[in-house]
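Here is model.pdb, consisting of PDB, C-alpha atoms:
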```pdb
ATOM      1  CA  MET A   1       0.000   0.000   0.000  1.00  0.00           C
ATOM      2  CA  HIS A   2       1.274   3.419  -0.911  1.00  0.00           C
ATOM      3  CA  PRO A   3       1.990   5.733   2.100  1.00  0.00           C
ATOM      4  CA  THR A   4      -0.404   8.483   0.886  1.00  0.00           C
ATOM      5  CA  ALA A   5      -3.232   6.065   0.072  1.00  0.00           C
ATOM      6  CA  ARG A   6      -4.288   5.601   3.686  1.00  0.00           C
ATOM      7  CA  PRO A   7      -5.193   9.298   4.402  1.00  0.00           C
ATOM      8  CA  VAL A   8      -7.073   9.483   1.092  1.00  0.00           C
ATOM      9  CA  THR A   9      -9.028   6.318   1.930  1.00  0.00           C
ATOM     10  CA  ILE A  10      -9.910   7.586   5.407  1.00  0.00           C
ATOM     11  CA  THR A  11     -11.019  10.951   4.022  1.00  0.00           C
ATOM     12  CA  ALA A  12     -13.119   9.339   1.294  1.00  0.00           C
ATOM     13  CA  THR A  13     -14.755   7.019   3.835  1.00  0.00           C
ATOM     14  CA  ALA A  14     -15.557   9.935   6.169  1.00  0.00           C
ATOM     15  CA  VAL A  15     -17.055  12.019   3.347  1.00  0.00           C
ATOM     16  CA  THR A  16     -19.169   9.082   2.144  1.00  0.00           C
ATOM     17  CA  ALA A  17     -20.440   8.421   5.668  1.00  0.00           C
ATOM     18  CA  ALA A  18     -21.347  12.108   6.123  1.00  0.00           C
ATOM     19  CA  ILE A  19     -23.248  12.164   2.838  1.00  0.00           C
ATOM     20  CA  LEU A  20     -25.156   9.001   3.709  1.00  0.00           C
ATOM     21  CA  LEU A  21     -26.050  10.307   7.189  1.00  0.00           C
ATOM     22  CA  THR A  22     -27.260  13.602   5.738  1.00  0.00           C
ATOM     23  CA  ALA A  23     -29.296  11.867   3.050  1.00  0.00           C
ATOM     24  CA  CYS A  24     -30.914   9.449   5.518  1.00  0.00           C
ATOM     25  CA  THR A  25     -31.787  11.999   8.177  1.00  0.00           C
ATOM     26  CA  SER A  26     -33.141  14.694   5.848  1.00  0.00           C
ATOM     27  CA  SER A  27     -35.597  12.358   4.101  1.00  0.00           C
ATOM     28  CA  THR A  28     -37.028  10.769   7.257  1.00  0.00           C
ATOM     29  CA  THR A  29     -37.091  13.808   9.571  1.00  0.00           C
ATOM     30  CA  GLN A  30     -40.347  15.709   9.340  1.00  0.00           C
ATOM     31  CA  PRO A  31     -41.552  18.547  11.543  1.00  0.00           C
ATOM     32  CA  PRO A  32     -43.666  17.293  14.440  1.00  0.00           C
ATOM     33  CA  LYS A  33     -47.425  17.572  14.156  1.00  0.00           C
ATOM     34  CA  PRO A  34     -49.167  20.192  16.323  1.00  0.00           C
ATOM     35  CA  LEU A  35     -49.730  19.078  19.887  1.00  0.00           C
ATOM     36  CA  GLU A  36     -53.391  18.041  20.386  1.00  0.00           C
ATOM     37  CA  HIS A  37     -53.355  16.341  23.803  1.00  0.00           C
ATOM     38  CA  GLY A  38     -51.496  17.004  27.017  1.00  0.00           C
ATOM     39  CA  THR A  39     -51.719  18.494  30.508  1.00  0.00           C
ATOM     40  CA  VAL A  40     -53.332  21.915  30.953  1.00  0.00           C
ATOM     41  CA  LYS A  41     -50.830  24.365  32.495  1.00  0.00           C
ATOM     42  CA  LYS A  42     -52.596  27.723  31.949  1.00  0.00           C
ATOM     43  CA  LYS A  43     -55.924  29.130  30.854  1.00  0.00           C
ATOM     44  CA  HIS A  44     -56.424  32.399  28.992  1.00  0.00           C
ATOM     45  CA  HIS A  45     -59.437  34.366  27.783  1.00  0.00           C
ATOM     46  CA  ASP A  46     -59.560  37.246  25.300  1.00  0.00           C
ATOM     47  CA  ALA A  47     -62.809  39.191  25.620  1.00  0.00           C
ATOM     48  CA  ALA A  48     -64.809  40.117  22.559  1.00  0.00           C
ATOM     49  CA  ARG A  49     -64.026  43.555  21.162  1.00  0.00           C
ATOM     50  CA  PRO A  50     -66.222  45.843  19.109  1.00  0.00           C
ATOM     51  CA  ALA A  51     -66.092  45.257  15.381  1.00  0.00           C
ATOM     52  CA  THR A  52     -63.876  47.601  13.389  1.00  0.00           C
ATOM     53  CA  PRO A  53     -64.729  48.881   9.910  1.00  0.00           C
ATOM     54  CA  ILE A  54     -62.785  47.796   6.825  1.00  0.00           C
ATOM     55  CA  TYR A  55     -62.062  50.510   4.264  1.00  0.00           C
ATOM     56  CA  LYS A  56     -60.964  50.498   0.631  1.00  0.00           C
ATOM     57  CA  ASP A  57     -59.325  53.448  -1.088  1.00  0.00           C
ATOM     58  CA  ARG A  58     -60.925  54.616  -4.327  1.00  0.00           C
ATOM     59  CA  TYR A  59     -59.004  56.191  -7.218  1.00  0.00           C
ATOM     60  CA  ARG A  60     -59.806  57.692 -10.601  1.00  0.00           C
ATOM     61  CA  GLU A  61     -57.458  57.596 -13.571  1.00  0.00           C
ATOM     62  CA  THR A  62     -56.562  61.033 -14.912  1.00  0.00           C
ATOM     63  CA  ASN A  63     -54.203  62.421 -17.508  1.00  0.00           C
ATOM     64  CA  CYS A  64     -53.971  59.124 -19.432  1.00  0.00           C
ATOM     65  CA  ARG A  65     -51.545  58.876 -22.331  1.00  0.00           C
ATOM     66  CA  THR A  66     -49.957  56.245 -24.542  1.00  0.00           C
ATOM     67  CA  VAL A  67     -46.193  55.965 -24.248  1.00  0.00           C
ATOM     68  CA  THR A  68     -44.061  54.289 -26.905  1.00  0.00           C
ATOM     69  CA  THR A  69     -40.489  53.471 -26.006  1.00  0.00           C
ATOM     70  CA  ASN A  70     -37.657  51.901 -27.910  1.00  0.00           C
ATOM     71  CA  ALA A  71     -35.970  48.876 -26.300  1.00  0.00           C
ATOM     72  CA  MET A  72     -32.562  50.246 -27.280  1.00  0.00           C
ATOM     73  CA  THR A  73     -33.253  53.349 -25.193  1.00  0.00           C
ATOM     74  CA  LEU A  74     -34.231  51.389 -22.081  1.00  0.00           C
ATOM     75  CA  THR A  75     -31.084  49.279 -21.772  1.00  0.00           C
ATOM     76  CA  GLY A  76     -29.201  51.786 -19.627  1.00  0.00           C
ATOM     77  CA  ILE A  77     -32.101  53.386 -17.797  1.00  0.00           C
ATOM     78  CA  SER A  78     -33.202  52.004 -14.458  1.00  0.00           C
ATOM     79  CA  ARG A  79     -35.591  54.817 -13.535  1.00  0.00           C
ATOM     80  CA  PRO A  80     -36.355  58.395 -14.620  1.00  0.00           C
ATOM     81  CA  THR A  81     -33.721  60.859 -13.528  1.00  0.00           C
ATOM     82  CA  THR A  82     -34.591  63.768 -11.326  1.00  0.00           C
ATOM     83  CA  GLY A  83     -33.023  66.960 -12.503  1.00  0.00           C
ATOM     84  CA  GLY A  84     -31.942  69.704 -10.088  1.00  0.00           C
ATOM     85  CA  THR A  85     -34.753  72.267 -10.267  1.00  0.00           C
ATOM     86  CA  GLY A  86     -36.989  70.610 -12.838  1.00  0.00           C
ATOM     87  CA  SER A  87     -40.105  68.868 -11.635  1.00  0.00           C
ATOM     88  CA  ARG A  88     -40.327  66.546 -14.625  1.00  0.00           C
ATOM     89  CA  SER A  89     -37.902  64.348 -16.499  1.00  0.00           C
ATOM     90  CA  THR A  90     -38.035  63.018 -20.007  1.00  0.00           C
ATOM     91  CA  THR A  91     -37.363  59.457 -21.067  1.00  0.00           C
ATOM     92  CA  GLY A  92     -38.001  57.761 -24.357  1.00  0.00           C
ATOM     93  CA  GLY A  93     -36.512  57.040 -27.721  1.00  0.00           C
ATOM     94  CA  THR A  94     -37.333  57.090 -31.377  1.00  0.00           C
ATOM     95  CA  GLY A  95     -40.914  56.046 -30.734  1.00  0.00           C
ATOM     96  CA  GLY A  96     -41.713  59.235 -28.851  1.00  0.00           C
ATOM     97  CA  ALA A  97     -41.121  60.796 -25.484  1.00  0.00           C
ATOM     98  CA  SER A  98     -42.961  60.436 -22.231  1.00  0.00           C
ATOM     99  CA  LYS A  99     -42.948  62.882 -19.388  1.00  0.00           C
ATOM    100  CA  VAL A 100     -42.894  61.105 -16.059  1.00  0.00           C
ATOM    101  CA  LYS A 101     -43.234  62.683 -12.622  1.00  0.00           C
ATOM    102  CA  PRO A 102     -40.381  61.340 -10.505  1.00  0.00           C
ATOM    103  CA  ASN A 103     -41.210  59.633  -7.203  1.00  0.00           C
ATOM    104  CA  SER A 104     -44.933  59.858  -7.892  1.00  0.00           C
ATOM    105  CA  PRO A 105     -46.948  57.264  -5.915  1.00  0.00           C
ATOM    106  CA  ASN A 106     -49.933  57.854  -8.182  1.00  0.00           C
ATOM    107  CA  LYS A 107     -48.531  56.116 -11.281  1.00  0.00           C
ATOM    108  CA  LEU A 108     -50.621  53.383 -12.845  1.00  0.00           C
ATOM    109  CA  ASP A 109     -49.374  51.257 -15.717  1.00  0.00           C
ATOM    110  CA  LYS A 110     -52.013  49.556 -17.815  1.00  0.00           C
ATOM    111  CA  GLY A 111     -51.110  46.774 -20.219  1.00  0.00           C
ATOM    112  CA  SER A 112     -48.092  46.427 -22.421  1.00  0.00           C
ATOM    113  CA  THR A 113     -48.055  45.701 -26.118  1.00  0.00           C
ATOM    114  CA  SER A 114     -45.117  45.162 -28.387  1.00  0.00           C
ATOM    115  CA  GLY A 115     -44.730  46.217 -31.957  1.00  0.00           C
ATOM    116  CA  GLY A 116     -42.162  47.762 -34.252  1.00  0.00           C
ATOM    117  CA  THR A 117     -39.476  46.249 -36.402  1.00  0.00           C
ATOM    118  CA  THR A 118     -38.841  42.533 -36.465  1.00  0.00           C
ATOM    119  CA  GLY A 119     -35.354  42.709 -37.972  1.00  0.00           C
ATOM    120  CA  GLY A 120     -33.777  42.398 -34.554  1.00  0.00           C
ATOM    121  CA  LYS A 121     -32.457  45.969 -34.460  1.00  0.00           C
ATOM    122  CA  SER A 122     -35.030  47.519 -32.150  1.00  0.00           C
ATOM    123  CA  LYS A 123     -38.343  46.635 -30.592  1.00  0.00           C
ATOM    124  CA  ASN A 124     -40.876  49.266 -29.633  1.00  0.00           C
ATOM    125  CA  SER A 125     -43.114  48.903 -26.613  1.00  0.00           C
ATOM    126  CA  THR A 126     -46.373  50.777 -26.231  1.00  0.00           C
ATOM    127  CA  ARG A 127     -48.172  51.124 -22.931  1.00  0.00           C
ATOM    128  CA  ARG A 128     -50.880  53.239 -21.374  1.00  0.00           C
ATOM    129  CA  VAL A 129     -49.836  55.387 -18.408  1.00  0.00           C
ATOM    130  CA  CYS A 130     -52.231  57.260 -16.134  1.00  0.00           C
ATOM    131  CA  ASP A 131     -52.007  59.372 -13.022  1.00  0.00           C
ATOM    132  CA  ARG A 132     -54.334  58.389 -10.182  1.00  0.00           C
ATOM    133  CA  LYS A 133     -56.398  60.838  -8.203  1.00  0.00           C
ATOM    134  CA  HIS A 134     -57.469  59.721  -4.721  1.00  0.00           C
ATOM    135  CA  LEU A 135     -61.254  60.058  -4.391  1.00  0.00           C
ATOM    136  CA  GLY A 136     -61.587  58.890  -0.807  1.00  0.00           C
ATOM    137  CA  ARG A 137     -62.319  55.774   1.198  1.00  0.00           C
ATOM    138  CA  VAL A 138     -65.375  53.557   1.145  1.00  0.00           C
ATOM    139  CA  GLN A 139     -66.372  51.166   3.915  1.00  0.00           C
ATOM    140  CA  THR A 140     -66.538  47.621   2.550  1.00  0.00           C
ATOM    141  CA  GLY A 141     -67.362  45.631   5.672  1.00  0.00           C
ATOM    142  CA  TRP A 142     -66.646  44.911   9.313  1.00  0.00           C
ATOM    143  CA  GLN A 143     -63.802  42.995  10.986  1.00  0.00           C
ATOM    144  CA  GLN A 144     -65.242  40.909  13.818  1.00  0.00           C
ATOM    145  CA  HIS A 145     -63.269  40.267  17.029  1.00  0.00           C
ATOM    146  CA  PRO A 146     -65.092  37.480  18.888  1.00  0.00           C
ATOM    147  CA  ALA A 147     -64.145  36.210  22.341  1.00  0.00           C
ATOM    148  CA  VAL A 148     -61.398  33.558  22.402  1.00  0.00           C
ATOM    149  CA  TRP A 149     -60.918  30.860  25.075  1.00  0.00           C
ATOM    150  CA  LYS A 150     -57.533  29.089  25.123  1.00  0.00           C
ATOM    151  CA  VAL A 151     -55.594  26.631  27.257  1.00  0.00           C
ATOM    152  CA  LEU A 152     -51.854  25.957  27.288  1.00  0.00           C
ATOM    153  CA  ILE A 153     -51.256  22.227  26.933  1.00  0.00           C
ATOM    154  CA  VAL A 154     -47.883  20.638  27.666  1.00  0.00           C
ATOM    155  CA  LYS A 155     -46.559  17.189  26.793  1.00  0.00           C
ATOM    156  CA  GLY A 156     -42.889  16.482  27.509  1.00  0.00           C
ATOM    157  CA  ASP A 157     -40.828  19.424  26.308  1.00  0.00           C
ATOM    158  CA  ARG A 158     -43.493  20.596  23.829  1.00  0.00           C
ATOM    159  CA  SER A 159     -46.286  23.078  24.517  1.00  0.00           C
ATOM    160  CA  ARG A 160     -49.049  24.767  22.543  1.00  0.00           C
ATOM    161  CA  TRP A 161     -51.970  27.154  23.066  1.00  0.00           C
ATOM    162  CA  LYS A 162     -55.121  25.321  22.024  1.00  0.00           C
ATOM    163  CA  GLN A 163     -58.346  27.177  21.342  1.00  0.00           C
ATOM    164  CA  ILE A 164     -61.524  25.872  23.025  1.00  0.00           C
ATOM    165  CA  ALA A 165     -64.788  26.107  21.076  1.00  0.00           C
ATOM    166  CA  THR A 166     -67.138  27.344  23.800  1.00  0.00           C
ATOM    167  CA  GLU A 167     -66.905  29.280  27.036  1.00  0.00           C
ATOM    168  CA  ALA A 168     -68.840  26.562  28.910  1.00  0.00           C
ATOM    169  CA  LYS A 169     -66.296  23.896  27.937  1.00  0.00           C
ATOM    170  CA  TRP A 170     -63.410  26.254  28.823  1.00  0.00           C
ATOM    171  CA  ARG A 171     -64.871  26.865  32.285  1.00  0.00           C
ATOM    172  CA  LYS A 172     -65.092  23.092  32.958  1.00  0.00           C
ATOM    173  CA  ILE A 173     -61.391  22.567  32.210  1.00  0.00           C
ATOM    174  CA  LYS A 174     -59.107  22.999  35.242  1.00  0.00           C
ATOM    175  CA  VAL A 175     -55.344  23.555  35.384  1.00  0.00           C
ATOM    176  CA  GLY A 176     -53.725  20.138  35.701  1.00  0.00           C
ATOM    177  CA  ASP A 177     -56.444  18.321  33.720  1.00  0.00           C
ATOM    178  CA  ARG A 178     -55.322  15.994  30.965  1.00  0.00           C
ATOM    179  CA  ILE A 179     -57.057  16.642  27.656  1.00  0.00           C
TER
END
```

Could I get this structure in the form of structure tokens?
Amino acid sequence: MHPTARPVTITATAVTAAILLTACTSSTTQPPKPLEHGTVKKKHHDAARPATPIYKDRYRETNCRTVTTNAMTLTGISRPTTGGTGSRSTTGGTGGASKVKPNSPNKLDKGSTSGGTTGGKSKNSTRRVCDRKHLGRVQTGWQQHPAVWKVLIVKGDRSRWKQIATEAKWRKIKVGDRI
């Protein structure tokens, strides 16, 4: 046996064993299922709260325009530039120019269509761009906050808060009971 063969053999054996252990443990180890039964350690009750309204913001599209850009123009542009004192910036290419308000949260892009030359030199993209005007908020429903009855169950080193369906059942359960 060659003098350097032994360390190589030991290393190869160790690596193979590590791979096999990793492969065996990862395929058979699954996260434990939620704890359903155990000993009650604590009880907790959250009282019902008044319902809160749910609102939805409403917007209207204004100042809509069609913007055509050339793909060659967009290769080096990540976003519209903001000039020193100017409030608008211009981006675009041979297909036309679009004026875009920088940092405007009211931008709304609608659809994207492609057209232009098919020779592989440039590809134009046309899209509809609109500003959005906030009209207000409309109530769409109510968020209910019912009462919640829970018990902390423990089994071994695992624990979990378990919700109880009714107040009557919750009141019958005592700390130390096994459920």

(message) Using Å and a single decimal, report how far atom CA of A:Val175 sits from atom CA of A:Ser159.
(response)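 It comes out at 14.2 Å.
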
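Those residues that approach A:Thr52 to within 8 Å, counting only C-alpha atoms, are Trp142, Gln143 and Gln144 of chain A; same-chain residues fewer than 3 positions away are not listed.
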
All file atoms of stretch 146-163 of chain A boxed axis-aligned, 5 Å per side, centre plus edges, as AutoDock Vina command-line options:
```
--center_x -53.0 --center_y 27.0 --center_z 23.3 --size_x 34.3 --size_y 31.0 --size_z 18.8
```

(request) Would you work out the distance separating atom CA of A:Asp46 from atom CA of A:Ile179, expressed in Å to one decimal? (result)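 Answer for the atom CA of A:Asp46 to atom CA of A:Ile179 separation: 20.9 Å.
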
Selection near A:Tyr59, 7 Å with all atoms listed in the file, sequence-local residues under 3 positions removed, as a CSV table (one decimal) with C-alpha atoms, in the coordinates of the input:
```csv
chain,number,residue,atom,x,y,z
A,132,ARG,CA,-54.3,58.4,-10.2
A,133,LYS,CA,-56.4,60.8,-8.2
A,134,HIS,CA,-57.5,59.7,-4.7
A,135,LEU,CA,-61.3,60.1,-4.4
```

(request) Determine, counting only C-alpha atoms, which protein, DNA and RNA residues have an atom within 8 Å of an atom of A:Pro146; residues of the same chain fewer than 4 positions away are not included. Present the result as number ranges by chain. (result) A: 47-49

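Separating atom CA of A:Lys42 from atom CA of A:Arg171 is a distance of 12.3 Å.
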
Chain and number of each residue from the PyMOL selection byres ((chain A and resi 57) around 7), as a tab-separated table (two decimals) with C-alpha atoms, keeping the file's coordinate frame:
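Output file expr27.tsv follows:
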```tsv
chain	number	residue	atom	x	y	z
A	55	TYR	CA	-62.06	50.51	4.26
A	56	LYS	CA	-60.96	50.50	0.63
A	58	ARG	CA	-60.92	54.62	-4.33
A	59	TYR	CA	-59.00	56.19	-7.22
A	136	GLY	CA	-61.59	58.89	-0.81
A	137	ARG	CA	-62.32	55.77	1.20
A	138	VAL	CA	-65.38	53.56	1.14
```

(request) Could you tell me which residues the PyMOL selection byres ((chain A and resi 38) around 6) grabs in this file, written as a ChimeraX atom specification? (result) /A:37,39,153-155,178-179

(request) Between A:Leu35, A:Ile173, A:Val67, A:Val15, single out the one closest to A:Asp157, counting all atoms listed in the file. (result)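 Looking at the shortest contact to A:Asp157, the residue is A:Leu35.
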
(message) Every residue with an atom at most 6 Å from (-44.4, 50.2, -23.6) (file coordinates; all atoms listed in the file) is what I'm after, so could you write them as a PyMOL selection string?
(response) chain A and resi 68-69+112+125-127
